[in-house]
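What's in upload05.txt: compact mmCIF, C-alpha atoms
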```txt
# COMPACT_ATOMS: atom_id res chain seq x y z
CA MET A 1 123.90 322.55 -33.69
CA ARG A 2 122.13 320.09 -31.42
CA TRP A 3 124.87 317.49 -31.74
CA PHE A 4 127.69 319.82 -30.71
CA VAL A 5 127.32 319.74 -26.91
CA PRO A 6 126.74 315.93 -26.77
CA LEU A 7 129.81 315.47 -28.97
CA LEU A 8 131.88 317.61 -26.62
CA VAL A 9 130.68 315.57 -23.65
CA VAL A 10 131.69 312.31 -25.36
CA LEU A 11 135.11 313.71 -26.29
CA LEU A 12 135.57 314.94 -22.73
CA LEU A 13 134.77 311.49 -21.33
CA LEU A 14 137.28 309.87 -23.69
CA ALA A 15 139.97 312.45 -22.85
CA GLY A 16 139.30 312.02 -19.14
CA PHE A 17 139.64 308.24 -19.38
CA ALA A 18 142.91 308.66 -21.31
CA SER A 19 144.14 310.97 -18.53
CA LEU A 20 143.54 308.23 -15.98
CA LEU A 21 145.62 305.76 -18.00
CA ALA A 22 148.59 307.92 -19.01
CA GLY A 23 151.63 308.60 -16.87
CA THR A 24 154.98 307.27 -15.73
CA VAL A 25 153.14 304.07 -14.79
CA TRP A 26 150.66 303.27 -17.53
CA LEU A 27 147.42 301.61 -16.47
CA THR A 28 145.27 299.31 -18.52
CA PRO A 29 141.57 300.09 -19.02
CA GLY A 30 140.76 297.11 -16.80
CA GLN A 31 142.91 298.44 -13.97
CA ALA A 32 141.32 301.87 -14.29
CA LEU A 33 137.77 300.55 -14.25
CA GLY A 34 138.60 298.19 -11.41
CA GLY A 35 140.06 300.99 -9.33
CA LEU A 36 137.05 303.23 -9.95
CA LEU A 37 134.25 300.71 -9.61
CA ALA A 38 135.57 297.88 -7.45
CA GLY A 39 137.41 299.94 -4.85
CA ARG A 40 140.60 297.90 -5.01
CA THR A 41 143.55 298.76 -2.76
CA ASP A 42 146.46 297.63 -4.96
CA LEU A 43 149.17 300.00 -6.21
CA ALA A 44 147.43 300.73 -9.52
CA SER A 45 144.22 301.69 -7.75
CA LEU A 46 146.05 303.93 -5.31
CA ILE A 47 147.78 305.71 -8.20
CA LEU A 48 144.43 306.14 -9.88
CA VAL A 49 142.41 307.36 -6.90
CA GLU A 50 145.01 309.40 -5.01
CA ILE A 51 147.00 310.93 -7.86
CA ARG A 52 145.32 310.84 -11.26
CA LEU A 53 141.66 311.25 -10.33
CA PRO A 54 142.13 314.50 -8.35
CA ARG A 55 144.45 315.74 -11.11
CA LEU A 56 141.78 314.99 -13.72
CA ILE A 57 138.95 316.62 -11.74
CA LEU A 58 141.08 319.70 -11.08
CA GLY A 59 142.00 319.95 -14.77
CA LEU A 60 138.35 319.72 -15.79
CA MET A 61 137.33 322.46 -13.36
CA VAL A 62 140.23 324.73 -14.28
CA GLY A 63 139.66 324.37 -18.02
CA ALA A 64 135.90 324.81 -17.71
CA ILE A 65 136.07 328.01 -15.67
CA LEU A 66 138.75 329.50 -17.93
CA GLY A 67 136.69 328.77 -21.06
CA LEU A 68 133.47 330.01 -19.45
CA SER A 69 134.98 333.23 -18.11
CA GLY A 70 136.63 333.92 -21.46
CA ALA A 71 133.29 333.58 -23.24
CA VAL A 72 131.57 335.89 -20.74
CA LEU A 73 134.27 338.56 -20.90
CA GLN A 74 134.39 338.53 -24.70
CA GLY A 75 130.61 339.00 -24.76
CA LEU A 76 130.59 341.61 -22.00
CA LEU A 77 133.42 343.70 -23.40
CA ARG A 78 132.54 342.94 -27.04
CA ASN A 79 136.22 342.28 -27.59
CA PRO A 80 137.39 339.08 -29.34
CA LEU A 81 140.76 339.32 -27.59
CA ALA A 82 139.34 339.50 -24.06
CA GLU A 83 140.29 336.73 -21.63
CA PRO A 84 140.39 336.25 -17.83
CA GLY A 85 143.84 337.78 -17.43
CA LEU A 86 142.49 341.07 -18.78
CA LEU A 87 140.92 341.93 -15.41
CA GLY A 88 144.07 341.20 -13.43
CA VAL A 89 142.63 338.20 -11.57
CA SER A 90 145.27 335.75 -12.82
CA ALA A 91 148.11 338.16 -12.09
CA GLY A 92 146.76 338.85 -8.61
CA ALA A 93 146.43 335.15 -7.82
CA SER A 94 149.95 334.59 -9.12
CA LEU A 95 151.30 337.38 -6.90
CA GLY A 96 149.55 335.92 -3.86
CA ALA A 97 151.09 332.50 -4.44
CA VAL A 98 154.51 334.05 -5.08
CA ILE A 99 154.28 335.92 -1.75
CA ALA A 100 153.58 332.61 0.01
CA ILE A 101 156.63 331.02 -1.61
CA TYR A 102 158.90 334.04 -1.19
CA PHE A 103 158.29 334.46 2.54
CA GLY A 104 158.55 330.74 3.27
CA PHE A 105 154.92 330.04 4.11
CA ALA A 106 154.82 327.31 1.46
CA ALA A 107 157.69 325.46 3.15
CA SER A 108 155.77 325.09 6.41
CA PHE A 109 152.25 324.76 4.97
CA ALA A 110 151.73 323.10 1.60
CA MET A 111 148.36 324.79 1.00
CA ALA A 112 149.74 328.30 1.57
CA PRO A 113 150.26 329.15 -2.15
CA PRO A 114 146.67 328.38 -3.21
CA LEU A 115 145.24 330.15 -0.15
CA PHE A 116 147.36 333.24 -0.74
CA GLY A 117 146.51 333.00 -4.44
CA LEU A 118 142.80 333.14 -3.67
CA VAL A 119 143.30 336.25 -1.57
CA GLY A 120 145.42 337.86 -4.29
CA GLY A 121 142.79 337.19 -6.95
CA PHE A 122 140.03 338.72 -4.84
CA VAL A 123 142.14 341.77 -3.97
CA THR A 124 142.97 342.58 -7.59
CA ALA A 125 139.37 341.97 -8.72
CA GLY A 126 138.05 344.19 -5.94
CA THR A 127 140.54 346.89 -6.83
CA ALA A 128 139.57 346.77 -10.51
CA LEU A 129 135.88 346.94 -9.57
CA ALA A 130 136.43 349.88 -7.23
CA LEU A 131 138.42 351.79 -9.84
CA SER A 132 135.83 351.24 -12.57
CA ARG A 133 132.53 351.41 -10.66
CA ARG A 134 131.68 354.87 -12.04
CA GLY A 135 132.86 354.14 -15.56
CA GLY A 136 131.85 351.83 -18.34
CA THR A 137 133.46 348.96 -20.18
CA LEU A 138 136.56 350.93 -21.14
CA SER A 139 137.11 351.93 -17.52
CA LEU A 140 136.92 348.27 -16.47
CA ILE A 141 139.49 347.26 -19.10
CA LEU A 142 141.88 350.03 -18.08
CA ALA A 143 141.49 349.25 -14.38
CA GLY A 144 142.12 345.56 -15.03
CA ALA A 145 145.22 346.36 -17.07
CA ALA A 146 146.51 348.63 -14.33
CA VAL A 147 146.14 346.15 -11.47
CA SER A 148 147.48 343.35 -13.68
CA SER A 149 150.60 345.39 -14.42
CA ILE A 150 151.13 346.15 -10.74
CA ALA A 151 150.75 342.48 -9.79
CA ALA A 152 153.08 341.39 -12.59
CA ALA A 153 155.64 343.94 -11.37
CA GLY A 154 155.38 342.47 -7.89
CA VAL A 155 156.08 339.00 -9.25
CA SER A 156 159.11 340.32 -11.15
CA VAL A 157 160.45 342.00 -8.00
CA ALA A 158 160.07 338.74 -6.06
CA LEU A 159 162.03 336.88 -8.73
CA ASN A 160 164.68 339.58 -8.86
CA VAL A 161 165.34 339.66 -5.11
CA ALA A 162 164.59 336.01 -4.28
CA PRO A 163 166.47 335.06 -1.10
CA ASN A 164 167.94 331.93 -2.66
CA PRO A 165 167.97 330.02 -5.99
CA TYR A 166 165.56 327.44 -4.60
CA ALA A 167 162.89 330.08 -3.92
CA ALA A 168 163.35 331.55 -7.42
CA TYR A 169 163.05 328.07 -8.93
CA GLU A 170 159.87 327.32 -6.96
CA ILE A 171 158.34 330.60 -8.09
CA MET A 172 159.19 329.92 -11.74
CA VAL A 173 157.79 326.39 -11.59
CA TRP A 174 154.55 327.61 -10.08
CA LEU A 175 154.18 330.44 -12.60
CA MET A 176 154.48 328.02 -15.53
CA GLY A 177 151.27 326.27 -14.44
CA SER A 178 150.91 322.60 -13.65
CA LEU A 179 148.60 319.93 -12.29
CA VAL A 180 151.45 317.71 -11.07
CA ASP A 181 151.34 316.68 -7.40
CA ARG A 182 147.86 318.12 -6.90
CA SER A 183 145.78 316.29 -4.32
CA TRP A 184 142.20 316.08 -3.12
CA ASP A 185 143.00 318.98 -0.77
CA HIS A 186 143.48 321.23 -3.80
CA VAL A 187 140.22 319.97 -5.29
CA TRP A 188 138.23 320.67 -2.12
CA LEU A 189 139.81 324.11 -1.78
CA ALA A 190 139.12 325.25 -5.34
CA ALA A 191 135.83 323.48 -6.10
CA PRO A 192 133.43 325.68 -4.05
CA PHE A 193 134.83 328.92 -5.50
CA ILE A 194 134.91 327.58 -9.06
CA LEU A 195 131.35 326.26 -8.85
CA VAL A 196 129.94 329.48 -7.38
CA GLY A 197 131.93 331.53 -9.89
CA ALA A 198 130.58 329.42 -12.75
CA MET A 199 126.99 329.91 -11.58
CA LEU A 200 127.47 333.69 -11.44
CA LEU A 201 128.94 333.70 -14.93
CA LEU A 202 126.11 331.57 -16.34
CA LEU A 203 123.58 334.10 -15.03
CA THR A 204 124.90 336.65 -17.54
CA GLY A 205 123.83 334.65 -20.63
CA ARG A 206 120.66 336.57 -21.51
CA ALA A 207 122.29 339.93 -20.82
CA LEU A 208 125.24 339.11 -23.08
CA ASP A 209 122.91 338.52 -26.04
CA ALA A 210 121.39 341.98 -25.48
CA LEU A 211 124.80 343.60 -24.98
CA ALA A 212 125.80 342.49 -28.47
CA LEU A 213 123.60 345.38 -29.64
CA GLY A 214 125.41 347.89 -27.41
CA GLU A 215 125.03 349.03 -23.81
CA ALA A 216 122.41 351.68 -24.55
CA GLN A 217 120.27 349.22 -26.52
CA ALA A 218 120.66 346.59 -23.80
CA GLU A 219 119.48 349.06 -21.15
CA SER A 220 116.44 349.87 -23.30
CA LEU A 221 115.62 346.14 -23.35
CA GLY A 222 115.57 346.02 -19.57
CA ILE A 223 119.10 344.69 -19.01
CA HIS A 224 120.88 346.02 -15.94
CA VAL A 225 124.36 346.49 -17.43
CA ALA A 226 126.04 347.40 -14.14
CA ARG A 227 124.65 344.25 -12.50
CA THR A 228 125.83 342.14 -15.42
CA ARG A 229 129.31 343.65 -15.17
CA LEU A 230 129.37 342.94 -11.42
CA LEU A 231 128.30 339.30 -11.94
CA ALA A 232 130.98 338.81 -14.60
CA LEU A 233 133.69 340.33 -12.44
CA LEU A 234 132.71 338.44 -9.27
CA GLY A 235 132.35 335.17 -11.15
CA THR A 236 135.73 335.61 -12.82
CA ALA A 237 137.37 336.61 -9.54
CA MET A 238 136.03 333.58 -7.69
CA GLY A 239 136.41 331.00 -10.45
CA VAL A 240 139.61 332.05 -12.19
CA GLY A 241 141.19 333.19 -8.93
CA ALA A 242 140.63 329.74 -7.44
CA ALA A 243 141.79 327.99 -10.63
CA THR A 244 144.99 330.04 -10.80
CA SER A 245 145.66 329.58 -7.11
CA VAL A 246 145.80 325.78 -7.42
CA ALA A 247 147.12 325.27 -10.95
CA GLY A 248 149.28 328.32 -11.56
CA ALA A 249 149.07 330.67 -14.51
CA ILE A 250 147.52 328.95 -17.56
CA SER A 251 147.11 331.26 -20.52
CA PHE A 252 145.20 331.14 -23.82
CA VAL A 253 142.45 328.68 -22.78
CA GLY A 254 140.03 331.51 -21.99
CA LEU A 255 140.93 333.15 -25.29
CA ILE A 256 140.80 330.10 -27.54
CA ALA A 257 137.77 328.16 -26.27
CA PRO A 258 135.08 330.78 -27.11
CA HIS A 259 136.47 331.24 -30.63
CA ILE A 260 136.33 327.51 -31.31
CA VAL A 261 132.64 327.25 -30.44
CA ARG A 262 131.32 330.63 -31.56
CA PRO A 263 130.83 329.80 -35.28
CA LEU A 264 128.96 326.62 -34.31
CA VAL A 265 126.39 328.37 -32.09
CA GLY A 266 125.43 331.16 -34.46
CA HIS A 267 127.76 333.74 -32.86
CA ARG A 268 125.30 334.29 -29.99
CA PRO A 269 127.26 335.21 -26.83
CA GLY A 270 124.76 333.56 -24.50
CA LYS A 271 124.82 330.30 -26.44
CA THR A 272 128.62 330.22 -26.29
CA LEU A 273 128.93 329.84 -22.53
CA VAL A 274 128.33 326.12 -21.90
CA PRO A 275 130.15 324.88 -25.04
CA ALA A 276 133.10 327.16 -24.25
CA ALA A 277 133.31 325.66 -20.75
CA LEU A 278 133.31 322.14 -22.21
CA VAL A 279 135.95 323.03 -24.80
CA GLY A 280 138.08 324.68 -22.12
CA ALA A 281 137.90 321.52 -19.99
CA LEU A 282 138.74 319.41 -23.05
CA LEU A 283 141.74 321.58 -23.97
CA VAL A 284 143.26 321.44 -20.48
CA THR A 285 142.65 317.69 -20.16
CA LEU A 286 144.23 316.93 -23.55
CA ALA A 287 147.14 319.25 -22.81
CA ASP A 288 147.71 317.55 -19.45
CA VAL A 289 147.83 314.18 -21.20
CA GLY A 290 150.20 315.70 -23.77
CA THR A 291 152.63 316.81 -21.07
CA ARG A 292 153.00 313.17 -20.00
CA LEU A 293 153.64 312.00 -23.56
CA LEU A 294 155.98 314.77 -24.76
CA VAL A 295 159.27 314.60 -22.87
CA VAL A 296 162.08 316.98 -23.90
CA ASP A 297 165.60 315.89 -22.88
CA GLY A 298 164.16 313.82 -20.10
CA LYS A 299 162.10 316.71 -18.74
CA ILE A 300 158.32 317.04 -18.71
CA LEU A 301 156.90 320.29 -20.08
CA ALA A 302 154.78 322.32 -17.68
CA LEU A 303 151.10 322.50 -18.53
CA GLY A 304 151.13 326.27 -19.07
CA VAL A 305 154.13 325.98 -21.39
CA PHE A 306 152.52 323.16 -23.38
CA ILE A 307 149.32 325.13 -23.89
CA SER A 308 151.27 328.26 -24.83
CA LEU A 309 153.07 326.37 -27.61
CA PHE A 310 149.71 325.95 -29.34
CA GLY A 311 147.94 329.01 -27.96
CA ALA A 312 150.48 331.59 -29.13
CA PRO A 313 150.15 330.70 -32.85
CA PHE A 314 146.36 330.72 -32.47
CA PHE A 315 146.54 334.16 -30.86
CA LEU A 316 148.67 335.43 -33.75
CA TRP A 317 146.19 334.02 -36.28
CA LEU A 318 143.33 335.66 -34.36
CA VAL A 319 145.00 339.06 -34.42
CA LEU A 320 145.59 338.81 -38.17
CA HIS A 321 142.02 337.58 -38.70
CA VAL A 322 140.59 340.54 -36.76
CA GLN A 323 142.75 342.94 -38.75
CA ARG A 324 141.49 341.51 -42.04
CA ARG A 325 137.86 341.79 -40.88
CA THR A 326 138.25 345.41 -39.81
CA ALA A 327 140.34 346.51 -42.82
```
Take the structure in this file and express it as structure tokens.
Amino acid sequence: MRWFVPLLVVLLLLAGFASLLAGTVWLTPGQALGGLLAGRTDLASLILVEIRLPRLILGLMVGAILGLSGAVLQGLLRNPLAEPGLLGVSAGASLGAVIAIYFGFAASFAMAPPLFGLVGGFVTAGTALALSRRGGTLSLILAGAAVSSIAAAGVSVALNVAPNPYAAYEIMVWLMGSLVDRSWDHVWLAAPFILVGAMLLLLTGRALDALALGEAQAESLGIHVARTRLLALLGTAMGVGAATSVAGAISFVGLIAPHIVRPLVGHRPGKTLVPAALVGALLVTLADVGTRLLVVDGKILALGVFISLFGAPFFLWLVLHVQRRTA
């Protein structure tokens, strides 16, 4: 559908503008436009430029790379339940950030969790690649599950033996995922990795269409399956690793976004990539606005929790839908 991508762009612009207005201090559209275009230095403009704009840009990048990587992995693995966490990248990035918090690096250096998270994501992705380099798709899935389980166990150990309640609380808050208190430093740290990761993932589009026929058929059509698998893994490691390192663990976006767009693009894996990225960005942006509007007992829900409230029922419906199709 030719109108689908333009419609998503319009909806994304509207959601982004709403994100700039919503918060503890609500801004008017005039204040928002004045802060963006006129370069004012009043309090409203400072709130807009220093707090909400980096939060919005980070949310757009995080949602886009999660949606894009989910679409690539579902096409590569030919598995409708595949998502970025399947390869262990999210768990590895989470473990890296937890290590930074647990050993006190975060207390002395605010950017320690995202930096350690980046390293953790690359380590787990590299381990999964090394374990599966002589195998096929199944080997990659099993290797990803193995390193993800090990990283998750490490996070559990850190929580279990946390040196003090404050450290355990900080770890839990980070694991729930959030865009609160994110600054331009987080944007500049994550942006290069997310952009390069997205470019690598987009290069797999043609190969994913051929892989829908099977790996043997794709090879006969001139597709280098091993190269495609490497691009997908590197792109996911760079993009999702960076996204998780700055925003924490955000589930379901990579699973949901491709399924929303797939029926509207003729179920072609290659055609799903860009719309899935836009839908992922839209989902995270709307969810971030929702966290500011939905307050429970005076407390704001974390972004990852808010998305999970809607993502878990969708996941259950997807499982039942797949069972009906294969029955």
**Asked** At what distance in Å, to one decimal, does CA of Leu233 (chain A) lie from CA of Ala276 (chain A)?
**Response** 17.7 Å
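Counting all atoms listed in the file and comparing A:Ser69, A:Val253, A:Ile101, A:Ala44, the residue that lies closest to Leu203 (chain A) is A:Ser69.
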**Item:** Non-local contacts of Gly197 (chain A) (8 Å; all atoms listed in the file; under 3 positions in same chain excluded) as JSON, numbers by chain
**Value:** {"A": [65, 193, 194, 200, 201, 234, 235, 236, 237, 238, 239]}
**Message:** as a list of chain:residue names, please: the residues near region 132-149 of chain A (cut-off 6 Å, all atoms listed in the file, same-chain neighbours under 5 positions excluded).
**Reply:**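 Near region 132-149 of chain A, the qualifying residues are A:Leu86, A:Leu87, A:Gly88, A:Ala91.
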Write out as CSV the residues of region 58-91 of chain A that have any atom within 12 Å of an atom of region 48-54 of chain A, one row each with the nearest atom pair and its distance in Å to one decimal, counting only C-alpha atoms, sorted by chain and then rising number.
```
residue,atom,partner,partner_atom,distance
A:Leu58,CA,A:Pro54,CA,6.0
A:Gly59,CA,A:Pro54,CA,8.4
A:Leu60,CA,A:Pro54,CA,9.8
A:Met61,CA,A:Pro54,CA,10.6
A:Val62,CA,A:Pro54,CA,12.0
```
List every residue of region 70-126 of chain A that has an atom at most 12 Å from any atom of region 254-273 of chain A, and for each one report the closest atom pair and its distance in Å to one decimal, counting only C-alpha atoms, with rows sorted by chain and then by increasing residue number, as CSV.
```
residue,atom,partner,partner_atom,distance
A:Gly70,CA,A:Gly254,CA,4.2
A:Ala71,CA,A:Pro258,CA,5.1
A:Val72,CA,A:Leu273,CA,6.8
A:Leu73,CA,A:Gly254,CA,9.2
A:Gln74,CA,A:Pro258,CA,8.1
A:Gly75,CA,A:Pro269,CA,5.5
A:Leu76,CA,A:Pro269,CA,8.7
A:Leu77,CA,A:Pro269,CA,11.0
A:Arg78,CA,A:Pro269,CA,9.4
A:Asn79,CA,A:Leu255,CA,10.5
A:Pro80,CA,A:His259,CA,8.0
A:Leu81,CA,A:Leu255,CA,6.6
A:Ala82,CA,A:Leu255,CA,6.7
A:Glu83,CA,A:Leu255,CA,5.2
A:Pro84,CA,A:Gly254,CA,6.3
A:Gly85,CA,A:Gly254,CA,8.6
A:Leu86,CA,A:Leu255,CA,10.4
A:Ser90,CA,A:Gly254,CA,11.4
```
**Prompt:** What is the CA of Ser45 (chain A)-CA of Ile307 (chain A) distance in Å, reported with one decimal?
**Reply:** 28.9 Å
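Picture a line from CA of Asp42 (chain A) to CA of Leu11 (chain A); it runs 29.0 Å.
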Box for region 306-312 of chain A - axis-aligned, 8 Å on each of the six sides, all listed atoms - centre and size in Å to one decimal, as lines of an AutoDock Vina configuration file.
```
center_x = 150.5
center_y = 327.4
center_z = -26.4
size_x = 21.1
size_y = 24.4
size_z = 22.0
```
**Asked** Using all atoms listed in the file, what residues lie at most 6 Å away from (140.7, 319.7, -19.7) (file coordinates), given as a list of chain:residue names?
**Response**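 Here is the list of nearby residues: A:Gly59, A:Leu60, A:Gly63, A:Ala281, A:Leu282, A:Leu283, A:Val284, A:Thr285, A:Leu286.
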